[in-house]
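As provided, work.pdb (PDB, C-alpha atoms) reads as follows.
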ATOM      1  CA  MET A   1      84.008  70.110  67.335
ATOM      2  CA  GLN A   2      86.867  69.634  69.797
ATOM      3  CA  LEU A   3      86.936  71.462  73.098
ATOM      4  CA  ILE A   4      90.343  72.969  73.936
ATOM      5  CA  ASP A   5      90.814  72.119  77.610
ATOM      6  CA  GLY A   6      92.997  74.841  79.128
ATOM      7  CA  LYS A   7      92.620  73.455  82.620
ATOM      8  CA  ALA A   8      94.031  70.022  81.744
ATOM      9  CA  THR A   9      96.777  71.514  79.552
ATOM     10  CA  ALA A  10      97.834  73.934  82.308
ATOM     11  CA  ALA A  11      97.920  71.088  84.865
ATOM     12  CA  ALA A  12     100.169  69.037  82.559
ATOM     13  CA  ILE A  13     102.558  71.968  81.998
ATOM     14  CA  LYS A  14     102.729  72.762  85.739
ATOM     15  CA  ALA A  15     103.641  69.108  86.395
ATOM     16  CA  GLU A  16     106.428  69.390  83.770
ATOM     17  CA  ILE A  17     107.700  72.587  85.422
ATOM     18  CA  ALA A  18     107.630  70.933  88.884
ATOM     19  CA  GLU A  19     109.787  68.078  87.554
ATOM     20  CA  GLU A  20     112.295  70.547  86.115
ATOM     21  CA  VAL A  21     112.424  72.520  89.390
ATOM     22  CA  LYS A  22     113.088  69.287  91.299
ATOM     23  CA  GLY A  23     116.022  68.625  88.996
ATOM     24  CA  ILE A  24     117.379  72.184  89.373
ATOM     25  CA  MET A  25     117.255  71.966  93.171
ATOM     26  CA  ALA A  26     118.681  68.435  93.260
ATOM     27  CA  ASN A  27     121.711  69.832  91.420
ATOM     28  CA  GLY A  28     122.154  72.585  93.995
ATOM     29  CA  GLY A  29     120.328  75.251  91.981
ATOM     30  CA  LYS A  30     118.082  77.983  93.354
ATOM     31  CA  GLN A  31     114.338  77.577  93.882
ATOM     32  CA  PRO A  32     112.492  79.986  91.523
ATOM     33  CA  HIS A  33     110.801  82.802  93.471
ATOM     34  CA  LEU A  34     107.772  84.775  92.260
ATOM     35  CA  ALA A  35     106.460  87.792  94.167
ATOM     36  CA  ALA A  36     103.068  89.430  93.611
ATOM     37  CA  VAL A  37     101.987  92.894  94.738
ATOM     38  CA  LEU A  38      98.248  93.321  95.297
ATOM     39  CA  VAL A  39      96.751  96.762  95.907
ATOM     40  CA  GLY A  40      93.201  96.979  97.274
ATOM     41  CA  HIS A  41      90.499  94.326  97.235
ATOM     42  CA  ASP A  42      89.293  93.999  93.633
ATOM     43  CA  GLY A  43      87.371  90.694  93.464
ATOM     44  CA  GLY A  44      88.853  89.543  90.157
ATOM     45  CA  SER A  45      92.387  90.439  91.220
ATOM     46  CA  GLU A  46      91.968  88.630  94.577
ATOM     47  CA  THR A  47      90.939  85.423  92.779
ATOM     48  CA  TYR A  48      93.700  85.756  90.214
ATOM     49  CA  VAL A  49      96.438  86.307  92.797
ATOM     50  CA  LYS A  50      95.164  83.428  94.954
ATOM     51  CA  ASN A  51      95.376  81.151  91.905
ATOM     52  CA  LYS A  52      98.934  82.357  91.236
ATOM     53  CA  VAL A  53      99.982  81.414  94.766
ATOM     54  CA  LEU A  54      98.436  77.930  94.305
ATOM     55  CA  ALA A  55     100.175  77.560  90.933
ATOM     56  CA  CYS A  56     103.527  78.420  92.552
ATOM     57  CA  GLU A  57     102.958  75.606  95.065
ATOM     58  CA  ALA A  58     102.129  73.172  92.238
ATOM     59  CA  CYS A  59     105.321  74.150  90.369
ATOM     60  CA  GLY A  60     107.572  73.966  93.433
ATOM     61  CA  PHE A  61     108.266  77.721  93.411
ATOM     62  CA  LYS A  62     108.676  79.998  96.380
ATOM     63  CA  SER A  63     106.003  82.706  96.364
ATOM     64  CA  THR A  64     105.572  85.985  98.228
ATOM     65  CA  LEU A  65     102.389  88.041  98.350
ATOM     66  CA  ILE A  66     102.704  91.721  99.277
ATOM     67  CA  ARG A  67      99.419  93.451 100.080
ATOM     68  CA  TYR A  68      98.572  97.147 100.267
ATOM     69  CA  GLU A  69      95.315  98.995 100.863
ATOM     70  CA  ASP A  70      94.034 101.038  97.928
ATOM     71  CA  ASN A  71      94.999 104.315  99.592
ATOM     72  CA  ILE A  72      98.726 103.564  99.147
ATOM     73  CA  THR A  73     100.590 106.450  97.510
ATOM     74  CA  GLU A  74     102.274 106.075  94.146
ATOM     75  CA  GLU A  75     105.588 106.874  95.830
ATOM     76  CA  GLU A  76     105.184 104.015  98.347
ATOM     77  CA  LEU A  77     104.300 101.559  95.594
ATOM     78  CA  LEU A  78     107.328 102.632  93.526
ATOM     79  CA  LYS A  79     109.537 102.096  96.600
ATOM     80  CA  CYS A  80     108.161  98.563  96.890
ATOM     81  CA  VAL A  81     108.963  97.938  93.192
ATOM     82  CA  ASP A  82     112.490  99.241  93.782
ATOM     83  CA  ARG A  83     112.956  96.855  96.745
ATOM     84  CA  LEU A  84     111.827  93.884  94.650
ATOM     85  CA  ASN A  85     114.117  94.943  91.788
ATOM     86  CA  LYS A  86     117.068  94.857  94.196
ATOM     87  CA  ASP A  87     116.093  91.648  96.030
ATOM     88  CA  ALA A  88     118.438  88.990  94.614
ATOM     89  CA  ASP A  89     116.197  86.162  95.865
ATOM     90  CA  VAL A  90     113.191  87.338  93.818
ATOM     91  CA  ASP A  91     113.493  86.066  90.230
ATOM     92  CA  GLY A  92     110.329  87.667  88.922
ATOM     93  CA  PHE A  93     107.438  89.728  90.211
ATOM     94  CA  ILE A  94     104.142  91.212  89.120
ATOM     95  CA  VAL A  95     102.145  94.230  90.230
ATOM     96  CA  GLN A  96      98.536  93.116  89.806
ATOM     97  CA  LEU A  97      96.466  95.404  87.561
ATOM     98  CA  PRO A  98      94.196  97.359  87.633
ATOM     99  CA  LEU A  99      95.654  99.820  90.141
ATOM    100  CA  PRO A 100      93.660 102.552  91.919
ATOM    101  CA  LYS A 101      92.942 105.653  89.806
ATOM    102  CA  HIS A 102      95.468 107.881  91.607
ATOM    103  CA  ILE A 103      98.383 105.662  90.573
ATOM    104  CA  ASP A 104      99.941 105.900  87.098
ATOM    105  CA  GLU A 105      99.986 102.272  85.911
ATOM    106  CA  GLN A 106     102.449 102.904  83.092
ATOM    107  CA  LYS A 107     104.889 104.576  85.493
ATOM    108  CA  VAL A 108     104.760 101.497  87.754
ATOM    109  CA  ILE A 109     105.211  99.085  84.811
ATOM    110  CA  GLU A 110     108.245 101.022  83.582
ATOM    111  CA  ALA A 111     109.772 101.037  87.084
ATOM    112  CA  ILE A 112     109.917  97.222  87.103
ATOM    113  CA  ASP A 113     113.298  95.759  86.118
ATOM    114  CA  TYR A 114     112.572  94.241  82.681
ATOM    115  CA  ARG A 115     114.678  91.202  83.657
ATOM    116  CA  LYS A 116     112.120  90.444  86.398
ATOM    117  CA  ASP A 117     109.034  91.525  84.421
ATOM    118  CA  VAL A 118     107.396  88.093  84.152
ATOM    119  CA  ASP A 119     104.098  89.731  83.101
ATOM    120  CA  GLY A 120     105.852  90.899  79.928
ATOM    121  CA  PHE A 121     104.439  94.440  80.112
ATOM    122  CA  HIS A 122     107.677  96.466  80.273
ATOM    123  CA  PRO A 123     108.445  98.369  77.026
ATOM    124  CA  VAL A 124     111.739  96.438  76.679
ATOM    125  CA  ASN A 125     109.911  93.091  76.677
ATOM    126  CA  VAL A 126     107.102  94.407  74.471
ATOM    127  CA  GLY A 127     109.648  95.756  71.973
ATOM    128  CA  ARG A 128     111.735  92.581  71.947
ATOM    129  CA  MET A 129     108.589  90.499  71.453
ATOM    130  CA  ALA A 130     107.542  92.700  68.500
ATOM    131  CA  ILE A 131     110.782  91.997  66.630
ATOM    132  CA  GLY A 132     110.985  88.336  67.625
ATOM    133  CA  LEU A 133     113.816  88.461  70.175
ATOM    134  CA  PRO A 134     113.850  86.213  73.288
ATOM    135  CA  CYS A 135     111.896  87.873  76.109
ATOM    136  CA  PHE A 136     109.054  87.484  78.586
ATOM    137  CA  ILE A 137     105.881  87.324  76.498
ATOM    138  CA  SER A 138     102.741  88.575  78.212
ATOM    139  CA  ALA A 139     100.961  85.669  79.843
ATOM    140  CA  THR A 140      97.595  85.494  78.039
ATOM    141  CA  PRO A 141      98.987  85.617  74.466
ATOM    142  CA  LEU A 142     101.709  83.112  75.432
ATOM    143  CA  GLY A 143      99.012  80.829  76.889
ATOM    144  CA  ILE A 144      97.001  80.995  73.658
ATOM    145  CA  ILE A 145     100.038  80.233  71.472
ATOM    146  CA  THR A 146     100.822  77.267  73.779
ATOM    147  CA  LEU A 147      97.243  75.924  73.501
ATOM    148  CA  LEU A 148      97.256  76.162  69.692
ATOM    149  CA  LYS A 149     100.568  74.269  69.582
ATOM    150  CA  ARG A 150      99.514  71.576  72.073
ATOM    151  CA  TYR A 151      96.315  70.902  70.121
ATOM    152  CA  ASN A 152      98.208  70.892  66.790
ATOM    153  CA  VAL A 153      95.990  73.644  65.395
ATOM    154  CA  GLN A 154      97.324  74.633  61.978
ATOM    155  CA  THR A 155      98.034  78.382  61.968
ATOM    156  CA  SER A 156     100.620  78.830  59.197
ATOM    157  CA  GLY A 157      99.136  80.753  56.262
ATOM    158  CA  LYS A 158      95.687  80.829  57.900
ATOM    159  CA  LYS A 159      93.557  83.965  58.186
ATOM    160  CA  CYS A 160      93.343  85.063  61.809
ATOM    161  CA  VAL A 161      91.097  87.807  63.175
ATOM    162  CA  VAL A 162      91.991  89.284  66.575
ATOM    163  CA  LEU A 163      89.034  91.076  68.162
ATOM    164  CA  GLY A 164      90.380  93.752  70.516
ATOM    165  CA  ARG A 165      93.478  95.953  70.564
ATOM    166  CA  SER A 166      94.497  96.116  74.225
ATOM    167  CA  ASN A 167      98.175  96.243  75.190
ATOM    168  CA  ILE A 168      97.707  93.130  77.344
ATOM    169  CA  VAL A 169      96.041  90.806  74.805
ATOM    170  CA  GLY A 170      94.995  92.200  71.418
ATOM    171  CA  LYS A 171      98.210  93.868  70.243
ATOM    172  CA  PRO A 172     100.712  91.211  71.441
ATOM    173  CA  MET A 173      98.400  88.439  70.179
ATOM    174  CA  ALA A 174      98.362  89.953  66.698
ATOM    175  CA  GLN A 175     102.167  90.336  66.753
ATOM    176  CA  LEU A 176     102.704  86.700  67.745
ATOM    177  CA  MET A 177     100.196  85.296  65.270
ATOM    178  CA  MET A 178     101.929  87.042  62.371
ATOM    179  CA  GLN A 179     105.463  86.020  63.404
ATOM    180  CA  LYS A 180     106.985  83.094  61.570
ATOM    181  CA  GLN A 181     108.157  81.277  64.713
ATOM    182  CA  TYR A 182     104.732  81.395  66.407
ATOM    183  CA  GLY A 183     101.602  81.749  64.284
ATOM    184  CA  ASP A 184     102.863  82.487  60.751
ATOM    185  CA  ALA A 185      99.289  83.580  59.980
ATOM    186  CA  THR A 186      97.715  86.456  58.023
ATOM    187  CA  VAL A 187      96.363  88.705  60.761
ATOM    188  CA  THR A 188      93.570  91.282  60.849
ATOM    189  CA  VAL A 189      92.953  93.283  64.034
ATOM    190  CA  CYS A 190      89.360  94.407  64.558
ATOM    191  CA  HIS A 191      87.764  96.409  67.351
ATOM    192  CA  SER A 192      84.413  97.944  68.318
ATOM    193  CA  HIS A 193      84.708 100.670  65.634
ATOM    194  CA  SER A 194      85.740  98.363  62.773
ATOM    195  CA  GLU A 195      83.541  98.470  59.710
ATOM    196  CA  ASN A 196      82.394  95.175  58.144
ATOM    197  CA  LEU A 197      83.292  93.399  61.384
ATOM    198  CA  LYS A 198      80.984  90.423  60.795
ATOM    199  CA  GLU A 199      82.315  89.966  57.288
ATOM    200  CA  GLU A 200      85.934  90.040  58.536
ATOM    201  CA  CYS A 201      85.102  87.373  61.124
ATOM    202  CA  ARG A 202      83.230  85.208  58.611
ATOM    203  CA  ASN A 203      86.371  85.052  56.460
ATOM    204  CA  ALA A 204      88.584  83.995  59.373
ATOM    205  CA  ASP A 205      90.000  80.514  59.938
ATOM    206  CA  ILE A 206      90.896  81.532  63.510
ATOM    207  CA  ILE A 207      89.102  84.100  65.686
ATOM    208  CA  ILE A 208      90.704  85.287  68.926
ATOM    209  CA  ALA A 209      88.032  87.215  70.822
ATOM    210  CA  ALA A 210      89.381  89.663  73.412
ATOM    211  CA  ILE A 211      86.903  92.513  73.113
ATOM    212  CA  GLY A 212      85.460  92.358  76.654
ATOM    213  CA  ARG A 213      81.796  92.113  75.646
ATOM    214  CA  PRO A 214      79.807  89.055  76.729
ATOM    215  CA  ASP A 215      78.349  86.964  73.866
ATOM    216  CA  PHE A 216      79.733  89.398  71.262
ATOM    217  CA  VAL A 217      80.672  86.679  68.744
ATOM    218  CA  THR A 218      77.523  84.997  67.419
ATOM    219  CA  ALA A 219      77.029  82.053  65.049
ATOM    220  CA  ASP A 220      76.441  84.312  62.014
ATOM    221  CA  MET A 221      80.001  85.687  62.444
ATOM    222  CA  VAL A 222      81.708  82.287  62.253
ATOM    223  CA  LYS A 223      82.414  80.153  59.213
ATOM    224  CA  PRO A 224      82.088  76.360  59.501
ATOM    225  CA  GLY A 225      85.277  74.718  60.787
ATOM    226  CA  ALA A 226      86.747  77.884  62.301
ATOM    227  CA  VAL A 227      88.943  77.821  65.423
ATOM    228  CA  ILE A 228      87.601  80.024  68.220
ATOM    229  CA  ILE A 229      89.715  81.251  71.136
ATOM    230  CA  ASP A 230      87.632  83.095  73.731
ATOM    231  CA  VAL A 231      89.613  85.406  76.010
ATOM    232  CA  GLY A 232      86.564  87.120  77.550
ATOM    233  CA  THR A 233      85.925  86.844  81.291
ATOM    234  CA  THR A 234      83.099  89.212  82.209
ATOM    235  CA  ARG A 235      81.303  88.672  85.508
ATOM    236  CA  VAL A 236      77.563  88.537  84.842
ATOM    237  CA  PRO A 237      74.918  88.225  87.583
ATOM    238  CA  ASP A 238      73.661  84.664  88.136
ATOM    239  CA  ALA A 239      71.269  84.016  91.018
ATOM    240  CA  THR A 240      71.788  80.239  90.752
ATOM    241  CA  ARG A 241      75.463  80.545  91.777
ATOM    242  CA  LYS A 242      76.663  80.815  95.355
ATOM    243  CA  SER A 243      78.897  83.738  94.348
ATOM    244  CA  GLY A 244      75.940  85.492  92.690
ATOM    245  CA  PHE A 245      77.755  85.691  89.338
ATOM    246  CA  ARG A 246      79.269  83.558  86.593
ATOM    247  CA  LEU A 247      82.094  84.168  84.145
ATOM    248  CA  ASN A 248      80.902  84.825  80.628
ATOM    249  CA  GLY A 249      83.060  84.761  77.518
ATOM    250  CA  ASP A 250      83.035  87.051  74.474
ATOM    251  CA  VAL A 251      81.628  84.168  72.409
ATOM    252  CA  LYS A 252      78.019  82.931  72.492
ATOM    253  CA  PHE A 253      79.302  79.430  73.178
ATOM    254  CA  ASP A 254      76.120  77.314  72.758
ATOM    255  CA  GLU A 255      75.344  78.613  69.287
ATOM    256  CA  VAL A 256      78.936  79.026  68.034
ATOM    257  CA  ALA A 257      80.454  75.727  69.271
ATOM    258  CA  PRO A 258      78.603  73.402  66.821
ATOM    259  CA  LYS A 259      80.133  75.292  63.863
ATOM    260  CA  CYS A 260      83.761  75.094  65.067
ATOM    261  CA  SER A 261      86.621  72.664  64.626
ATOM    262  CA  PHE A 262      88.126  73.834  67.956
ATOM    263  CA  ILE A 263      86.813  76.154  70.684
ATOM    264  CA  THR A 264      87.898  77.203  74.178
ATOM    265  CA  PRO A 265      85.279  77.244  76.960
ATOM    266  CA  VAL A 266      84.859  79.976  79.592
ATOM    267  CA  PRO A 267      85.849  79.222  82.298
ATOM    268  CA  GLY A 268      88.478  76.507  81.820
ATOM    269  CA  GLY A 269      89.982  77.632  78.515
ATOM    270  CA  VAL A 270      92.396  80.540  78.262
ATOM    271  CA  GLY A 271      92.225  81.535  81.973
ATOM    272  CA  PRO A 272      94.238  78.622  83.454
ATOM    273  CA  MET A 273      96.812  79.022  80.662
ATOM    274  CA  THR A 274      97.429  82.658  81.595
ATOM    275  CA  ILE A 275      98.594  81.658  85.077
ATOM    276  CA  CYS A 276     100.498  78.690  83.668
ATOM    277  CA  SER A 277     102.371  81.047  81.274
ATOM    278  CA  LEU A 278     103.326  83.243  84.205
ATOM    279  CA  MET A 279     104.876  80.120  85.766
ATOM    280  CA  LYS A 280     106.787  79.432  82.514
ATOM    281  CA  ASN A 281     108.100  83.010  82.553
ATOM    282  CA  THR A 282     109.115  82.707  86.218
ATOM    283  CA  LEU A 283     111.029  79.502  85.508
ATOM    284  CA  ALA A 284     112.794  81.258  82.597
ATOM    285  CA  ALA A 285     113.625  84.187  84.915
ATOM    286  CA  GLY A 286     115.045  81.805  87.522
ATOM    287  CA  LYS A 287     117.208  80.143  84.871
ATOM    288  CA  LYS A 288     118.273  83.564  83.485
ATOM    289  CA  GLU A 289     117.149  82.225  80.111
ATOM    290  CA  TYR A 290     116.628  85.582  78.379
ATOM    291  CA  TYR A 291     118.641  88.063  80.390
ATOM    292  CA  LYS A 292     121.890  87.411  82.256
TER     293      LYS A 292
END
Could you spell out this file's structure in C-alpha cells?
Amino acid sequence: MQLIDGKATAAAIKAEIAEEVKGIMANGGKQPHLAAVLVGHDGGSETYVKNKVLACEACGFKSTLIRYEDNITEEELLKCVDRLNKDADVDGFIVQLPLPKHIDEQKVIEAIDYRKDVDGFHPVNVGRMAIGLPCFISATPLGIITLLKRYNVQTSGKKCVVLGRSNIVGKPMAQLMMQKQYGDATVTVCHSHSENLKEECRNADIIIAAIGRPDFVTADMVKPGAVIIDVGTTRVPDATRKSGFRLNGDVKFDEVAPKCSFITPVPGGVGPMTICSLMKNTLAAGKKEYYK
C-alpha cells in the first residue's frame, strides 16, 4: 500500500509555480492576483480562505481578501462581483461557498466573469470542461487528476466508481475520468440511493469517495489492490484535540488501507491539492492561457 501524499505534492507544485512567477516578473510581466470574497464566519470557510492566502504567498501571487458579514444583501454581493470583474489588476477571484441562505448561490456564480472564474463553477467553464475544451477546471477534481498523474496511477481502461454527484466534485470528476486526455477510464457514478452500491464498489479499480459521510467506504466494499481517493472532510467531535474536532474522511482508513495499492489520507490528501489547483488556475488566468 502506498500513501498518496497530497501535502508534499502540493508543496512541490507551489514551488514550481513560484519559480515560474519569478521568471514572469523578471521579464517585466504582471504578478498574478487572486481575490477571495468571504461572507460570514463559517469555520471551514475561514480555514480554507486562510490557507488560500498562505498559498498565494508561497506562489508569489498578490492576494486580496474581501470580508462581509452574513447579513450582506444579495445586491451588495453582486456589486462586489461586478467590481472584481472590472478590476484589471485582479486575474481571478472566488466567492467562498456556502453563502447565507438568503443569497442565491447560482446567481452569484453566474455573475462572475468566466475568464476570472478560477473556481471553475461558471456554466461556461463547466460546459467547456464537459466537452474537453481548455478552461478552468474546478479545483478538487483537478487536484485529484494531478495526484493520479504524479503517482503514475494507471487509469486508462480501468473501472472507476465515483461516489457522489455534486456539481463541485462528483459530476466534474466523472467527466474528467471518462475523458481520453485525463482519465480514459470506464466510469460509474453512484450515490446514496444507488442499488447494489457495495457490489459496484467491489468491482472498481479506482474509487473516488465524495459522498460526505464519514467512514462510508468500508473494507468489504473494496477489492484488493484498488486505488482509493478520499474527498471527504467531515468535522467530527474529538475531545483529545485542542480544536475539539478532527477531520474525518468518507473512507474507514484503518480497515481499508491494507487492501489498497494507493490511498489518500484525510487530512493531507486531496485537501492541499484543492488549494494548489486554485493556484494553478490563477497562474493560467494571469497568463491568459485559456481566454484572451
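When atom CA of Leu65 of chain A is paired with atom CA of Ile168 of chain A, their separation reads 22.1 Å.
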Please report, as JSON, the centre and edge lengths in Å to one decimal of an axis-aligned box covering all listed atoms of segment 240-243 of chain A with 4 Å per side.
{"center_x": 75.3, "center_y": 82.0, "center_z": 93.1, "size_x": 15.1, "size_y": 11.5, "size_z": 12.6}
Within 8 Å of segment 182-186 of chain A, counting all atoms listed in the file, which residues show up once you throw out same-chain ones fewer than 3 positions away? Write them as a PDB file with C-alpha atoms, in the coordinates of the input, please.
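Contents of result-v4.pdb, as written:
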ATOM      1  CA  ILE A 145     100.038  80.233  71.472  1.00  0.00           C
ATOM      2  CA  THR A 155      98.034  78.382  61.968  1.00  0.00           C
ATOM      3  CA  SER A 156     100.620  78.830  59.197  1.00  0.00           C
ATOM      4  CA  GLY A 157      99.136  80.753  56.262  1.00  0.00           C
ATOM      5  CA  LYS A 158      95.687  80.829  57.900  1.00  0.00           C
ATOM      6  CA  LYS A 159      93.557  83.965  58.186  1.00  0.00           C
ATOM      7  CA  CYS A 160      93.343  85.063  61.809  1.00  0.00           C
ATOM      8  CA  LEU A 176     102.704  86.700  67.745  1.00  0.00           C
ATOM      9  CA  MET A 177     100.196  85.296  65.270  1.00  0.00           C
ATOM     10  CA  MET A 178     101.929  87.042  62.371  1.00  0.00           C
ATOM     11  CA  GLN A 179     105.463  86.020  63.404  1.00  0.00           C
TER      12      GLN A 179
END
Residues matched by the PyMOL selection byres ((chain A and resi 139) around 8), written as a ChimeraX atom specification | /A:119-120,137-138,140-143,273-278
Who sits within 10 Å of Tyr114 of chain A, only C-alpha atoms, same chain under 5 positions skipped, as a count of residues only = 14
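Each of A:Leu133, A:Leu148, A:Ile66, A:Ile94 was compared to Gly6 of chain A using only C-alpha atoms, and A:Leu148 turns out to be the nearest.
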Filled-in N, CA and C atoms of segment 207-231 of chain A, supplied as a PDB file, keeping the file's coordinate frame:
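File rebuild-v4.pdb, as written:
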ATOM      1  N   ILE A 207      89.545  82.853  65.049  1.00  0.00           N
ATOM      2  CA  ILE A 207      89.102  84.100  65.686  1.00  0.00           C
ATOM      3  C   ILE A 207      89.571  84.086  67.135  1.00  0.00           C
ATOM      4  N   ILE A 208      90.290  85.139  67.531  1.00  0.00           N
ATOM      5  CA  ILE A 208      90.704  85.287  68.926  1.00  0.00           C
ATOM      6  C   ILE A 208      89.923  86.475  69.491  1.00  0.00           C
ATOM      7  N   ALA A 209      88.956  86.183  70.339  1.00  0.00           N
ATOM      8  CA  ALA A 209      88.032  87.215  70.822  1.00  0.00           C
ATOM      9  C   ALA A 209      88.485  87.757  72.173  1.00  0.00           C
ATOM     10  N   ALA A 210      88.919  89.019  72.172  1.00  0.00           N
ATOM     11  CA  ALA A 210      89.381  89.663  73.412  1.00  0.00           C
ATOM     12  C   ALA A 210      88.842  91.088  73.441  1.00  0.00           C
ATOM     13  N   ILE A 211      87.527  91.191  73.267  1.00  0.00           N
ATOM     14  CA  ILE A 211      86.903  92.513  73.113  1.00  0.00           C
ATOM     15  C   ILE A 211      86.190  92.964  74.400  1.00  0.00           C
ATOM     16  N   GLY A 212      86.036  92.012  75.346  1.00  0.00           N
ATOM     17  CA  GLY A 212      85.460  92.358  76.654  1.00  0.00           C
ATOM     18  C   GLY A 212      83.964  92.600  76.654  1.00  0.00           C
ATOM     19  N   ARG A 213      83.265  91.984  75.705  1.00  0.00           N
ATOM     20  CA  ARG A 213      81.796  92.113  75.646  1.00  0.00           C
ATOM     21  C   ARG A 213      81.172  90.724  75.633  1.00  0.00           C
ATOM     22  N   PRO A 214      80.399  90.394  76.654  1.00  0.00           N
ATOM     23  CA  PRO A 214      79.807  89.055  76.729  1.00  0.00           C
ATOM     24  C   PRO A 214      78.970  88.719  75.494  1.00  0.00           C
ATOM     25  N   ASP A 215      79.133  87.487  75.004  1.00  0.00           N
ATOM     26  CA  ASP A 215      78.349  86.964  73.866  1.00  0.00           C
ATOM     27  C   ASP A 215      78.447  87.813  72.602  1.00  0.00           C
ATOM     28  N   PHE A 216      79.562  88.500  72.416  1.00  0.00           N
ATOM     29  CA  PHE A 216      79.733  89.398  71.262  1.00  0.00           C
ATOM     30  C   PHE A 216      79.797  88.613  69.947  1.00  0.00           C
ATOM     31  N   VAL A 217      80.513  87.482  69.972  1.00  0.00           N
ATOM     32  CA  VAL A 217      80.672  86.679  68.744  1.00  0.00           C
ATOM     33  C   VAL A 217      79.514  85.687  68.654  1.00  0.00           C
ATOM     34  N   THR A 218      78.708  85.847  67.600  1.00  0.00           N
ATOM     35  CA  THR A 218      77.523  84.997  67.419  1.00  0.00           C
ATOM     36  C   THR A 218      77.738  84.073  66.215  1.00  0.00           C
ATOM     37  N   ALA A 219      76.851  83.088  66.075  1.00  0.00           N
ATOM     38  CA  ALA A 219      77.029  82.053  65.049  1.00  0.00           C
ATOM     39  C   ALA A 219      77.123  82.631  63.640  1.00  0.00           C
ATOM     40  N   ASP A 220      76.422  83.738  63.371  1.00  0.00           N
ATOM     41  CA  ASP A 220      76.441  84.312  62.014  1.00  0.00           C
ATOM     42  C   ASP A 220      77.767  85.011  61.682  1.00  0.00           C
ATOM     43  N   MET A 221      78.690  85.066  62.672  1.00  0.00           N
ATOM     44  CA  MET A 221      80.001  85.687  62.444  1.00  0.00           C
ATOM     45  C   MET A 221      81.085  84.640  62.202  1.00  0.00           C
ATOM     46  N   VAL A 222      80.705  83.367  62.263  1.00  0.00           N
ATOM     47  CA  VAL A 222      81.708  82.287  62.253  1.00  0.00           C
ATOM     48  C   VAL A 222      81.481  81.361  61.071  1.00  0.00           C
ATOM     49  N   LYS A 223      82.570  81.095  60.333  1.00  0.00           N
ATOM     50  CA  LYS A 223      82.414  80.153  59.213  1.00  0.00           C
ATOM     51  C   LYS A 223      82.583  78.721  59.716  1.00  0.00           C
ATOM     52  N   PRO A 224      81.957  77.746  59.061  1.00  0.00           N
ATOM     53  CA  PRO A 224      82.088  76.360  59.501  1.00  0.00           C
ATOM     54  C   PRO A 224      83.547  75.924  59.546  1.00  0.00           C
ATOM     55  N   GLY A 225      83.919  75.243  60.646  1.00  0.00           N
ATOM     56  CA  GLY A 225      85.277  74.718  60.787  1.00  0.00           C
ATOM     57  C   GLY A 225      86.282  75.698  61.362  1.00  0.00           C
ATOM     58  N   ALA A 226      85.822  76.891  61.739  1.00  0.00           N
ATOM     59  CA  ALA A 226      86.747  77.884  62.301  1.00  0.00           C
ATOM     60  C   ALA A 226      87.246  77.456  63.682  1.00  0.00           C
ATOM     61  N   VAL A 227      88.385  78.033  64.080  1.00  0.00           N
ATOM     62  CA  VAL A 227      88.943  77.821  65.423  1.00  0.00           C
ATOM     63  C   VAL A 227      88.630  79.068  66.239  1.00  0.00           C
ATOM     64  N   ILE A 228      88.012  78.870  67.408  1.00  0.00           N
ATOM     65  CA  ILE A 228      87.601  80.024  68.220  1.00  0.00           C
ATOM     66  C   ILE A 228      88.306  80.008  69.573  1.00  0.00           C
ATOM     67  N   ILE A 229      89.040  81.091  69.849  1.00  0.00           N
ATOM     68  CA  ILE A 229      89.715  81.251  71.136  1.00  0.00           C
ATOM     69  C   ILE A 229      89.025  82.412  71.860  1.00  0.00           C
ATOM     70  N   ASP A 230      88.420  82.105  72.990  1.00  0.00           N
ATOM     71  CA  ASP A 230      87.632  83.095  73.731  1.00  0.00           C
ATOM     72  C   ASP A 230      88.405  83.577  74.962  1.00  0.00           C
ATOM     73  N   VAL A 231      88.813  84.841  74.918  1.00  0.00           N
ATOM     74  CA  VAL A 231      89.613  85.406  76.010  1.00  0.00           C
ATOM     75  C   VAL A 231      88.726  86.126  77.037  1.00  0.00           C
TER      76      VAL A 231
END
